[in-house]
Structure formats: C-alpha cells, structure tokens
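Pasting work_20.pdb here (PDB, C-alpha atoms):
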ATOM      1  CA  MET A 785       0.000   0.000   0.000  1.00  0.00           C
ATOM      2  CA  LYS A 786       1.285   3.448  -0.934  1.00  0.00           C
ATOM      3  CA  ILE A 787       0.332   6.309   1.372  1.00  0.00           C
ATOM      4  CA  LEU A 788       0.754  10.043   0.795  1.00  0.00           C
ATOM      5  CA  VAL A 789       0.498  12.307   3.830  1.00  0.00           C
ATOM      6  CA  CYS A 790      -0.090  16.013   3.209  1.00  0.00           C
ATOM      7  CA  ILE A 791       1.905  18.201   5.593  1.00  0.00           C
ATOM      8  CA  SER A 792       1.131  21.851   6.304  1.00  0.00           C
ATOM      9  CA  HIS A 793       3.883  24.111   7.666  1.00  0.00           C
ATOM     10  CA  VAL A 794       2.092  26.188  10.323  1.00  0.00           C
ATOM     11  CA  PRO A 795       3.018  28.530  13.197  1.00  0.00           C
ATOM     12  CA  ASP A 796       3.285  26.986  16.634  1.00  0.00           C
ATOM     13  CA  THR A 797       0.106  27.682  18.607  1.00  0.00           C
ATOM     14  CA  THR A 798       2.096  29.657  21.197  1.00  0.00           C
ATOM     15  CA  SER A 799       3.451  32.077  18.576  1.00  0.00           C
ATOM     16  CA  LYS A 800       2.675  35.779  18.792  1.00  0.00           C
ATOM     17  CA  ILE A 801       0.942  36.695  15.540  1.00  0.00           C
ATOM     18  CA  ASN A 802       1.584  39.986  13.747  1.00  0.00           C
ATOM     19  CA  PHE A 803       1.002  41.326  10.245  1.00  0.00           C
ATOM     20  CA  THR A 804       2.924  43.588   7.881  1.00  0.00           C
ATOM     21  CA  ASP A 805       2.298  45.553   4.662  1.00  0.00           C
ATOM     22  CA  ASN A 806      -0.831  47.264   5.939  1.00  0.00           C
ATOM     23  CA  ASN A 807      -2.137  43.999   7.482  1.00  0.00           C
ATOM     24  CA  THR A 808      -1.970  42.063   4.209  1.00  0.00           C
ATOM     25  CA  GLN A 809       1.002  39.789   4.989  1.00  0.00           C
ATOM     26  CA  PHE A 810       1.740  37.433   7.872  1.00  0.00           C
ATOM     27  CA  ASP A 811       4.905  38.433   9.737  1.00  0.00           C
ATOM     28  CA  THR A 812       7.106  35.335  10.096  1.00  0.00           C
ATOM     29  CA  ASN A 813       9.849  37.037  12.134  1.00  0.00           C
ATOM     30  CA  GLY A 814      10.473  35.145  15.365  1.00  0.00           C
ATOM     31  CA  VAL A 815       7.785  32.568  14.617  1.00  0.00           C
ATOM     32  CA  GLN A 816       8.497  28.867  15.138  1.00  0.00           C
ATOM     33  CA  PHE A 817       6.837  26.562  12.597  1.00  0.00           C
ATOM     34  CA  VAL A 818       5.638  23.002  13.189  1.00  0.00           C
ATOM     35  CA  ILE A 819       3.731  20.191  11.484  1.00  0.00           C
ATOM     36  CA  ASN A 820       0.043  21.055  11.402  1.00  0.00           C
ATOM     37  CA  PRO A 821      -1.483  19.099  14.350  1.00  0.00           C
ATOM     38  CA  ASN A 822      -4.249  17.503  12.259  1.00  0.00           C
ATOM     39  CA  ASP A 823      -1.578  16.360   9.775  1.00  0.00           C
ATOM     40  CA  GLU A 824       0.524  14.955  12.601  1.00  0.00           C
ATOM     41  CA  PHE A 825      -2.347  12.707  13.678  1.00  0.00           C
ATOM     42  CA  GLY A 826      -2.535  11.490  10.074  1.00  0.00           C
ATOM     43  CA  LEU A 827       1.208  10.921   9.830  1.00  0.00           C
ATOM     44  CA  THR A 828       1.172   8.886  13.026  1.00  0.00           C
ATOM     45  CA  ARG A 829      -1.619   6.691  11.652  1.00  0.00           C
ATOM     46  CA  ALA A 830       0.372   6.240   8.443  1.00  0.00           C
ATOM     47  CA  MET A 831       3.325   5.043  10.537  1.00  0.00           C
ATOM     48  CA  TRP A 832       1.041   2.390  12.028  1.00  0.00           C
ATOM     49  CA  PHE A 833       0.169   1.129   8.540  1.00  0.00           C
ATOM     50  CA  LYS A 834       3.869   1.110   7.661  1.00  0.00           C
ATOM     51  CA  GLU A 835       4.833  -0.938  10.700  1.00  0.00           C
ATOM     52  CA  LYS A 836       1.850  -3.320  10.745  1.00  0.00           C
ATOM     53  CA  GLN A 837       1.110  -3.741   7.039  1.00  0.00           C
ATOM     54  CA  GLY A 838       4.350  -2.823   5.263  1.00  0.00           C
ATOM     55  CA  ALA A 839       3.014   0.373   3.664  1.00  0.00           C
ATOM     56  CA  THR A 840       5.361   2.939   2.144  1.00  0.00           C
ATOM     57  CA  VAL A 841       4.787   6.503   3.311  1.00  0.00           C
ATOM     58  CA  ASP A 842       5.562   9.690   1.404  1.00  0.00           C
ATOM     59  CA  VAL A 843       4.958  13.174   2.775  1.00  0.00           C
ATOM     60  CA  ILE A 844       4.264  16.249   0.676  1.00  0.00           C
ATOM     61  CA  ASN A 845       4.117  19.978   1.205  1.00  0.00           C
ATOM     62  CA  VAL A 846       3.346  22.945  -1.030  1.00  0.00           C
ATOM     63  CA  GLY A 847       5.724  25.766  -0.142  1.00  0.00           C
ATOM     64  CA  GLY A 848       9.130  27.351  -0.390  1.00  0.00           C
ATOM     65  CA  ALA A 849      12.466  26.115   0.930  1.00  0.00           C
ATOM     66  CA  GLU A 850      11.572  27.456   4.376  1.00  0.00           C
ATOM     67  CA  THR A 851       9.163  24.509   4.820  1.00  0.00           C
ATOM     68  CA  GLU A 852      11.867  21.846   4.449  1.00  0.00           C
ATOM     69  CA  PRO A 853      12.681  21.582   8.185  1.00  0.00           C
ATOM     70  CA  THR A 854       9.063  20.593   8.757  1.00  0.00           C
ATOM     71  CA  LEU A 855       9.325  17.913   6.061  1.00  0.00           C
ATOM     72  CA  ARG A 856      12.599  16.715   7.582  1.00  0.00           C
ATOM     73  CA  LYS A 857      10.822  16.311  10.910  1.00  0.00           C
ATOM     74  CA  ALA A 858       8.206  14.137   9.179  1.00  0.00           C
ATOM     75  CA  LEU A 859      11.039  12.043   7.726  1.00  0.00           C
ATOM     76  CA  ALA A 860      12.597  11.759  11.188  1.00  0.00           C
ATOM     77  CA  ILE A 861       9.274  10.497  12.542  1.00  0.00           C
ATOM     78  CA  GLY A 862       9.454   7.688   9.984  1.00  0.00           C
ATOM     79  CA  ALA A 863       8.227   8.717   6.531  1.00  0.00           C
ATOM     80  CA  ASP A 864      10.192   7.166   3.661  1.00  0.00           C
ATOM     81  CA  ASN A 865      10.307  10.058   1.178  1.00  0.00           C
ATOM     82  CA  ALA A 866       9.422  13.746   1.111  1.00  0.00           C
ATOM     83  CA  ILE A 867       8.172  15.909  -1.743  1.00  0.00           C
ATOM     84  CA  ARG A 868       8.082  19.697  -1.803  1.00  0.00           C
ATOM     85  CA  VAL A 869       6.135  21.467  -4.519  1.00  0.00           C
ATOM     86  CA  ASN A 870       8.181  24.598  -5.111  1.00  0.00           C
ATOM     87  CA  THR A 871       5.560  27.331  -4.868  1.00  0.00           C
ATOM     88  CA  PRO A 872       4.001  29.336  -2.041  1.00  0.00           C
ATOM     89  CA  ALA A 873       0.668  28.063  -0.737  1.00  0.00           C
ATOM     90  CA  ILE A 874      -1.744  30.797  -1.828  1.00  0.00           C
ATOM     91  CA  ASP A 875      -5.225  29.362  -1.448  1.00  0.00           C
ATOM     92  CA  GLY A 876      -6.998  26.027  -0.987  1.00  0.00           C
ATOM     93  CA  PHE A 877      -7.714  25.409  -4.670  1.00  0.00           C
ATOM     94  CA  GLN A 878      -4.159  26.156  -5.751  1.00  0.00           C
ATOM     95  CA  VAL A 879      -2.757  23.833  -3.073  1.00  0.00           C
ATOM     96  CA  ALA A 880      -5.206  21.046  -3.969  1.00  0.00           C
ATOM     97  CA  LYS A 881      -4.271  21.278  -7.659  1.00  0.00           C
ATOM     98  CA  GLN A 882      -0.556  21.006  -6.866  1.00  0.00           C
ATOM     99  CA  LEU A 883      -1.136  18.024  -4.577  1.00  0.00           C
ATOM    100  CA  ALA A 884      -3.376  16.324  -7.136  1.00  0.00           C
ATOM    101  CA  ASN A 885      -0.752  16.696  -9.854  1.00  0.00           C
ATOM    102  CA  VAL A 886       1.824  14.830  -7.759  1.00  0.00           C
ATOM    103  CA  ALA A 887      -0.670  12.267  -6.434  1.00  0.00           C
ATOM    104  CA  LYS A 888      -1.815  11.272  -9.925  1.00  0.00           C
ATOM    105  CA  GLU A 889       1.731  10.366 -10.919  1.00  0.00           C
ATOM    106  CA  GLY A 890       2.439   8.557  -7.640  1.00  0.00           C
ATOM    107  CA  GLY A 891      -0.379   6.024  -7.824  1.00  0.00           C
ATOM    108  CA  TYR A 892      -1.237   6.295  -4.123  1.00  0.00           C
ATOM    109  CA  ASP A 893      -3.828   4.024  -2.512  1.00  0.00           C
ATOM    110  CA  LEU A 894      -4.451   6.287   0.483  1.00  0.00           C
ATOM    111  CA  ILE A 895      -3.984  10.034   0.865  1.00  0.00           C
ATOM    112  CA  ILE A 896      -4.149  11.425   4.389  1.00  0.00           C
ATOM    113  CA  ALA A 897      -4.645  15.147   4.898  1.00  0.00           C
ATOM    114  CA  GLY A 898      -5.568  17.080   7.991  1.00  0.00           C
ATOM    115  CA  ARG A 899      -9.190  18.187   8.187  1.00  0.00           C
ATOM    116  CA  GLU A 900      -7.894  21.751   8.212  1.00  0.00           C
ATOM    117  CA  SER A 901      -4.705  23.655   8.963  1.00  0.00           C
ATOM    118  CA  ILE A 902      -4.562  25.670  12.168  1.00  0.00           C
ATOM    119  CA  ASP A 903      -3.335  28.836  10.461  1.00  0.00           C
ATOM    120  CA  TYR A 904      -6.061  29.672   7.915  1.00  0.00           C
ATOM    121  CA  ASN A 905      -8.637  27.044   8.986  1.00  0.00           C
ATOM    122  CA  GLY A 906      -9.982  26.791   5.445  1.00  0.00           C
ATOM    123  CA  GLY A 907     -10.911  23.121   5.593  1.00  0.00           C
ATOM    124  CA  MET A 908     -11.121  22.962   1.789  1.00  0.00           C
ATOM    125  CA  VAL A 909      -8.069  21.076   0.565  1.00  0.00           C
ATOM    126  CA  PRO A 910      -8.960  17.419   1.374  1.00  0.00           C
ATOM    127  CA  GLY A 911     -12.353  17.588  -0.323  1.00  0.00           C
ATOM    128  CA  MET A 912     -11.006  19.429  -3.364  1.00  0.00           C
ATOM    129  CA  LEU A 913      -8.152  16.951  -3.642  1.00  0.00           C
ATOM    130  CA  ALA A 914     -10.545  13.982  -3.591  1.00  0.00           C
ATOM    131  CA  ALA A 915     -12.707  15.614  -6.266  1.00  0.00           C
ATOM    132  CA  LEU A 916      -9.717  16.314  -8.514  1.00  0.00           C
ATOM    133  CA  LEU A 917      -8.528  12.717  -8.161  1.00  0.00           C
ATOM    134  CA  LYS A 918     -12.057  11.264  -8.469  1.00  0.00           C
ATOM    135  CA  ALA A 919     -11.315   9.331  -5.269  1.00  0.00           C
ATOM    136  CA  ASN A 920     -13.556   8.417  -2.351  1.00  0.00           C
ATOM    137  CA  PHE A 921     -13.479  10.885   0.534  1.00  0.00           C
ATOM    138  CA  VAL A 922     -14.086  10.706   4.278  1.00  0.00           C
ATOM    139  CA  ASN A 923     -13.827  13.941   6.246  1.00  0.00           C
ATOM    140  CA  THR A 924     -13.498  14.531  10.017  1.00  0.00           C
ATOM    141  CA  CYS A 925     -12.011  11.034  10.209  1.00  0.00           C
ATOM    142  CA  ILE A 926     -11.276   9.717  13.714  1.00  0.00           C
ATOM    143  CA  GLY A 927     -10.708   6.035  12.938  1.00  0.00           C
ATOM    144  CA  LEU A 928      -9.276   4.124   9.978  1.00  0.00           C
ATOM    145  CA  GLU A 929      -8.555   0.470   9.176  1.00  0.00           C
ATOM    146  CA  ILE A 930      -7.492  -0.944   5.793  1.00  0.00           C
ATOM    147  CA  GLU A 931      -8.004  -4.516   4.615  1.00  0.00           C
ATOM    148  CA  GLY A 932      -6.991  -5.202   1.037  1.00  0.00           C
ATOM    149  CA  THR A 933      -8.711  -2.608  -1.125  1.00  0.00           C
ATOM    150  CA  GLU A 934     -11.395  -1.722   1.424  1.00  0.00           C
ATOM    151  CA  ALA A 935     -11.232   0.887   4.155  1.00  0.00           C
ATOM    152  CA  LYS A 936     -13.322   1.028   7.297  1.00  0.00           C
ATOM    153  CA  ALA A 937     -13.485   4.550   8.662  1.00  0.00           C
ATOM    154  CA  VAL A 938     -15.133   6.323  11.562  1.00  0.00           C
ATOM    155  CA  ARG A 939     -15.949   9.978  11.235  1.00  0.00           C
ATOM    156  CA  GLU A 940     -17.225  12.565  13.665  1.00  0.00           C
ATOM    157  CA  ILE A 941     -20.710  13.928  13.009  1.00  0.00           C
ATOM    158  CA  ASP A 942     -22.977  16.276  14.950  1.00  0.00           C
ATOM    159  CA  GLY A 943     -23.932  14.493  18.141  1.00  0.00           C
ATOM    160  CA  GLY A 944     -21.992  11.294  17.518  1.00  0.00           C
ATOM    161  CA  LYS A 945     -19.937   9.119  15.200  1.00  0.00           C
ATOM    162  CA  GLU A 946     -20.576   7.432  11.866  1.00  0.00           C
ATOM    163  CA  SER A 947     -18.899   4.238  10.601  1.00  0.00           C
ATOM    164  CA  VAL A 948     -18.452   3.955   6.828  1.00  0.00           C
ATOM    165  CA  THR A 949     -16.728   1.672   4.322  1.00  0.00           C
ATOM    166  CA  ALA A 950     -15.046   2.808   1.131  1.00  0.00           C
ATOM    167  CA  LYS A 951     -12.922   1.380  -1.650  1.00  0.00           C
ATOM    168  CA  LEU A 952      -9.377   2.543  -2.288  1.00  0.00           C
ATOM    169  CA  PRO A 953      -8.104   4.919  -3.569  1.00  0.00           C
ATOM    170  CA  LEU A 954      -9.295   7.051  -0.669  1.00  0.00           C
ATOM    171  CA  VAL A 955      -8.666  10.567   0.625  1.00  0.00           C
ATOM    172  CA  ILE A 956      -9.345  11.305   4.270  1.00  0.00           C
ATOM    173  CA  GLY A 957      -9.480  14.534   6.246  1.00  0.00           C
ATOM    174  CA  GLY A 958      -8.061  13.421   9.587  1.00  0.00           C
ATOM    175  CA  GLN A 959      -8.227  15.079  12.971  1.00  0.00           C
ATOM    176  CA  LYS A 960      -7.688  14.500  16.683  1.00  0.00           C
ATOM    177  CA  GLY A 961      -8.935  11.007  17.480  1.00  0.00           C
ATOM    178  CA  LEU A 962      -7.409   9.331  14.427  1.00  0.00           C
ATOM    179  CA  VAL A 963      -4.725   8.323  16.927  1.00  0.00           C
ATOM    180  CA  GLU A 964      -4.398   9.072  20.605  1.00  0.00           C
ATOM    181  CA  GLU A 965      -2.311  12.081  21.557  1.00  0.00           C
ATOM    182  CA  SER A 966      -0.099   9.748  23.570  1.00  0.00           C
ATOM    183  CA  ASP A 967       0.755   7.925  20.306  1.00  0.00           C
ATOM    184  CA  LEU A 968       2.272  11.029  18.667  1.00  0.00           C
ATOM    185  CA  ARG A 969       5.981  10.590  18.068  1.00  0.00           C
ATOM    186  CA  ILE A 970       8.917  12.801  18.919  1.00  0.00           C
ATOM    187  CA  PRO A 971      11.867  12.222  16.575  1.00  0.00           C
ATOM    188  CA  ASN A 972      14.795  10.572  18.310  1.00  0.00           C
ATOM    189  CA  MET A 973      18.441  11.106  17.426  1.00  0.00           C
ATOM    190  CA  ARG A 974      18.564   8.011  15.226  1.00  0.00           C
ATOM    191  CA  GLY A 975      15.498   9.182  13.301  1.00  0.00           C
ATOM    192  CA  ILE A 976      16.972  12.657  12.861  1.00  0.00           C
ATOM    193  CA  MET A 977      20.234  11.259  11.515  1.00  0.00           C
ATOM    194  CA  MET A 978      18.427   8.895   9.148  1.00  0.00           C
ATOM    195  CA  ALA A 979      16.199  11.730   7.907  1.00  0.00           C
ATOM    196  CA  ARG A 980      19.272  13.508   6.544  1.00  0.00           C
ATOM    197  CA  LYS A 981      19.856  10.604   4.142  1.00  0.00           C
ATOM    198  CA  LYS A 982      16.245  10.183   3.017  1.00  0.00           C
ATOM    199  CA  PRO A 983      15.217  11.779  -0.297  1.00  0.00           C
ATOM    200  CA  LEU A 984      13.537  15.172  -0.288  1.00  0.00           C
ATOM    201  CA  ASN A 985      12.447  15.786  -3.868  1.00  0.00           C
ATOM    202  CA  VAL A 986      11.625  19.284  -5.084  1.00  0.00           C
ATOM    203  CA  VAL A 987       9.154  19.376  -7.970  1.00  0.00           C
ATOM    204  CA  GLU A 988       8.111  22.389  -9.950  1.00  0.00           C
ATOM    205  CA  PRO A 989       4.464  23.469  -9.775  1.00  0.00           C
ATOM    206  CA  VAL A 990       1.842  23.288 -12.481  1.00  0.00           C
ATOM    207  CA  GLU A 991       0.261  26.563 -13.537  1.00  0.00           C
ATOM    208  CA  VAL A 992      -2.821  27.303 -11.460  1.00  0.00           C
ATOM    209  CA  ASP A 993      -4.852  30.475 -11.048  1.00  0.00           C
ATOM    210  CA  ALA A 994      -5.680  31.040  -7.383  1.00  0.00           C
ATOM    211  CA  GLN A 995      -9.389  31.556  -6.764  1.00  0.00           C
ATOM    212  CA  THR A 996      -9.043  33.851  -3.755  1.00  0.00           C
ATOM    213  CA  GLU A 997      -6.719  36.576  -2.510  1.00  0.00           C
ATOM    214  CA  VAL A 998      -6.130  38.154   0.868  1.00  0.00           C
ATOM    215  CA  GLU A 999      -7.488  41.676   1.301  1.00  0.00           C
ATOM    216  CA  LYS A1000      -6.366  42.104   4.901  1.00  0.00           C
ATOM    217  CA  PHE A1001      -5.903  40.351   8.231  1.00  0.00           C
ATOM    218  CA  GLU A1002      -7.456  41.599  11.442  1.00  0.00           C
ATOM    219  CA  LYS A1003      -6.730  40.564  15.005  1.00  0.00           C
ATOM    220  CA  PRO A1004      -9.582  39.820  17.426  1.00  0.00           C
ATOM    221  CA  ALA A1005     -10.803  42.843  19.350  1.00  0.00           C
ATOM    222  CA  PRO A1006      -9.166  43.213  22.779  1.00  0.00           C
ATOM    223  CA  LYS A1007     -11.149  42.102  25.782  1.00  0.00           C
ATOM    224  CA  GLY A1008     -13.274  44.769  27.405  1.00  0.00           C
ATOM    225  CA  ALA A1009     -13.097  45.953  31.004  1.00  0.00           C
ATOM    226  CA  VAL A1010     -14.189  43.509  33.699  1.00  0.00           C
ATOM    227  CA  LYS A1011     -16.448  44.519  36.573  1.00  0.00           C
ATOM    228  CA  LEU A1012     -15.961  42.534  39.766  1.00  0.00           C
ATOM    229  CA  VAL A1013     -18.953  41.847  41.993  1.00  0.00           C
ATOM    230  CA  ASP A1014     -18.918  40.685  45.607  1.00  0.00           C
ATOM    231  CA  PRO A1015     -19.997  37.004  45.433  1.00  0.00           C
ATOM    232  CA  ASP A1016     -22.173  37.552  48.505  1.00  0.00           C
ATOM    233  CA  ASN A1017     -24.102  40.370  46.821  1.00  0.00           C
ATOM    234  CA  LEU A1018     -26.414  38.379  44.531  1.00  0.00           C
ATOM    235  CA  ASP A1019     -28.876  41.266  44.165  1.00  0.00           C
ATOM    236  CA  GLU A1020     -26.202  43.474  42.585  1.00  0.00           C
ATOM    237  CA  LEU A1021     -25.076  40.635  40.320  1.00  0.00           C
ATOM    238  CA  ILE A1022     -28.614  40.013  39.074  1.00  0.00           C
ATOM    239  CA  GLN A1023     -29.177  43.726  38.499  1.00  0.00           C
ATOM    240  CA  LEU A1024     -25.956  44.060  36.455  1.00  0.00           C
ATOM    241  CA  LEU A1025     -26.750  40.984  34.379  1.00  0.00           C
ATOM    242  CA  HIS A1026     -30.164  42.474  33.664  1.00  0.00           C
ATOM    243  CA  THR A1027     -29.346  46.157  33.090  1.00  0.00           C
ATOM    244  CA  GLU A1028     -25.761  46.131  31.736  1.00  0.00           C
ATOM    245  CA  ALA A1029     -24.979  42.704  30.325  1.00  0.00           C
ATOM    246  CA  LYS A1030     -28.638  42.287  29.248  1.00  0.00           C
ATOM    247  CA  VAL A1031     -28.387  38.497  29.383  1.00  0.00           C
ATOM    248  CA  ILE A1032     -31.397  37.990  31.644  1.00  0.00           C
TER     249      ILE A1032
END
Could the structure of this file be written out as structure tokens, please?
Amino acid sequence: MKILVCISHVPDTTSKINFTDNNTQFDTNGVQFVINPNDEFGLTRAMWFKEKQGATVDVINVGGAETEPTLRKALAIGADNAIRVNTPAIDGFQVAKQLANVAKEGGYDLIIAGRESIDYNGGMVPGMLAALLKANFVNTCIGLEIEGTEAKAVREIDGGKESVTAKLPLVIGGQKGLVEESDLRIPNMRGIMMARKKPLNVVEPVEVDAQTEVEKFEKPAPKGAVKLVDPDNLDELIQLLHTEAKVI
C-alpha cells in the first residue's frame, strides 16, 4: 500500500501573531513553525500502517524552501520520502491542484490530509483533492482500518460518530482522534540522523490560477473591562446581568 500524507507548515500555537504591509502579509519574524497538528495525527496513523502492514509513506508539502525543516521532521518520525512542490501556498484550490498533480503520478492508494490547517482554517483542501482525483473521501475522520482494497473509517458527526466503508483509492481529512495524543511521536536522534539521508524531492508546480486573494488580516478585538462583583451580593449581580450585560 502506498500512502501520501499532506503536511502543512504552520506557526506553533504559542506564537505571537503579527502582520505587515498594511495587514496584508503574515509576519514570520520570530515565529516557530511546526507540522500542522491535524496532519501529525494522520502521519502517526500512516506510521502504524507502515509498521503493521508494510506500507510505504511519502509526505508532501506545497511551499518554499523554508518549509523543508518541517518535512525533515516528518522524515525523522518515519516517513520514507518527502516531496516539496516549489511554490508558495496561496489558497486552498491552488494547493489542492498542486497536490493532485503529484498524487496522480504517484499512484497512491491512500492520501491522508488534515481536516484543516490551524493557520487559515480553510478546511477545503482534502475535499477538493478527492474531487480532482475522483477518489472516495471521508472527512473529520477519527478512525481508519485498511483490509486489502477496502477501508473502514469512523468519522465525527454532529452528536456522535458514523462508521463507513469505502474502496481505495481514498482521501481522508483526519483530525484529533485518528490516533491518541499519547501515540504522537517525537523524533529521536537516530530518526533525525536517518532523515538527513532520506530523499527530499523538489518538484516544480503546475500553472494554477488562485481563486481567492487576501485583502487584509485583522486581530480579534481586545477584551473589554471587567467589573468585579462581591460574590455575597447576589442582588447586585442580578441587576448588572439584567441592566448592563442584558443576558437575563
């Protein structure tokens, strides 16, 4: 079985976010980048298929040379090969087209993408990728087993879970629950040294017209002033909730 895991290069969740060029560009100065958490769950599940069923695992990213340390980390975790499409990630459609172009040539049985990236939270790429490849698609996937050419998946739905079966080739949008957080892997020294010898192939992009463009970014409004109320004075609390907060 051949598996392709899509890897997004995203800011660490503890990073302080700022913008430049009149709030039209993300400021990367001083920002540490990591594997997108939803993608990391998918990569860890791919490692399970590699170890238990002998699958080969490739990882892919759309981005410039600055994303290669993130791909190297994926190789250190255990992926066999890495592919970087040499173009900035502009919008969901453009990224999906670049991924589809590589996936078509690779003949992959299973493509694992994160449900969404934690930077732009678009949630579009996995579904677009499946449509471009004319492959089956399971989103919000929290469980996956493969037997032969059939997949058994569990996905999160409103108020519960849904179990589905699908034929390969298959694209999934994975998320927390696909593996346990305790199963996530930290590269050890041996993995880091081996990753230096594994292939990281740079491929040139196909021509794609992006369908969206950024007009501006805007930070959330700062929190307003807080009024403290004596916990023993319930009458004052009720009055404030009624007259000022207007929630009762």
- On this structure, which residues satisfy the PyMOL selection byres ((chain A and resi 863) around 12), written as a VMD selection string? chain A and resid 786 to 791 824 826 to 835 839 to 844 855 to 862 864 to 867 969 971 975 to 976 978 to 979 982 to 984
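The gap separating CA of Gln882 (chain A) from CA of Val990 (chain A) is 6.5 Å, in Å to one decimal.
By all atoms listed in the file, and with residues fewer than 2 positions from Thr812 (chain A) along its chain excluded, the set lying at most 12 Å from it is A:His793, A:Val794, A:Pro795, A:Asp796, A:Ser799, A:Lys800, A:Ile801, A:Asn802, A:Phe803, A:Thr804, A:Gln809, A:Phe810, A:Gly814, A:Val815, A:Gln816, A:Phe817, A:Glu850.
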- If you count only C-alpha atoms, the residue of A:Gly891, A:Pro989, A:Pro1006, A:Gly876 closest to Leu952 (chain A) turns out to be A:Gly891
- Query: What residues come out when you apply the PyMOL selection byres ((chain A and resi 871) around 8) to this file, written as JSON, numbers by chain?
  - Reply: {"A": [846, 847, 848, 869, 870, 872, 873, 988, 989]}
- Message: Quick one: residues within 10 Å of Gly957 (chain A), all atoms listed in the file, excluding same-chain residues fewer than 4 positions away - as an MDAnalysis selection string?
- Response: chainID A and resid 790 822:823 826 895:900 907:911 914 921:926 939 962
Reference answer for the PyMOL selection byres ((chain A and resi 945) around 12), as a PDB file with C-alpha atoms, in the coordinates of the input:
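Full text of part-v6.pdb as output:
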ATOM      1  CA  ASN A 923     -13.827  13.941   6.246  1.00  0.00           C
ATOM      2  CA  THR A 924     -13.498  14.531  10.017  1.00  0.00           C
ATOM      3  CA  CYS A 925     -12.011  11.034  10.209  1.00  0.00           C
ATOM      4  CA  ILE A 926     -11.276   9.717  13.714  1.00  0.00           C
ATOM      5  CA  GLY A 927     -10.708   6.035  12.938  1.00  0.00           C
ATOM      6  CA  ALA A 937     -13.485   4.550   8.662  1.00  0.00           C
ATOM      7  CA  VAL A 938     -15.133   6.323  11.562  1.00  0.00           C
ATOM      8  CA  ARG A 939     -15.949   9.978  11.235  1.00  0.00           C
ATOM      9  CA  GLU A 940     -17.225  12.565  13.665  1.00  0.00           C
ATOM     10  CA  ILE A 941     -20.710  13.928  13.009  1.00  0.00           C
ATOM     11  CA  ASP A 942     -22.977  16.276  14.950  1.00  0.00           C
ATOM     12  CA  GLY A 943     -23.932  14.493  18.141  1.00  0.00           C
ATOM     13  CA  GLY A 944     -21.992  11.294  17.518  1.00  0.00           C
ATOM     14  CA  GLU A 946     -20.576   7.432  11.866  1.00  0.00           C
ATOM     15  CA  SER A 947     -18.899   4.238  10.601  1.00  0.00           C
ATOM     16  CA  VAL A 948     -18.452   3.955   6.828  1.00  0.00           C
ATOM     17  CA  GLY A 961      -8.935  11.007  17.480  1.00  0.00           C
TER      18      GLY A 961
END
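You will find CA of Gln837 (chain A) at 21.8 Å from CA of Gln959 (chain A).
Across the structure, CA of Leu1018 (chain A) and CA of Val1031 (chain A) are spaced 15.3 Å apart.
Comparing A:Lys936, A:Gln995, A:Val986, A:Glu931 by their smallest distance to Ile956 (chain A), the closest is A:Lys936 (using all atoms listed in the file).
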- All residues 12 Å or closer to Leu1021 (chain A), all atoms listed in the file, same chain fewer than 5 positions away omitted, as an NGL selection string: :A and (1011-1016 or 1026-1032)
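Closest approach to Asn905 (chain A) among A:Leu1024, A:Asp811, A:Asp875, A:Lys981: A:Asp875, based on all atoms listed in the file.
The nearest approach to Asn985 (chain A) among the residues A:Asn972, A:Ser792, A:Asn845, A:Asn806, with only C-alpha atoms taken into account, belongs to A:Asn845.
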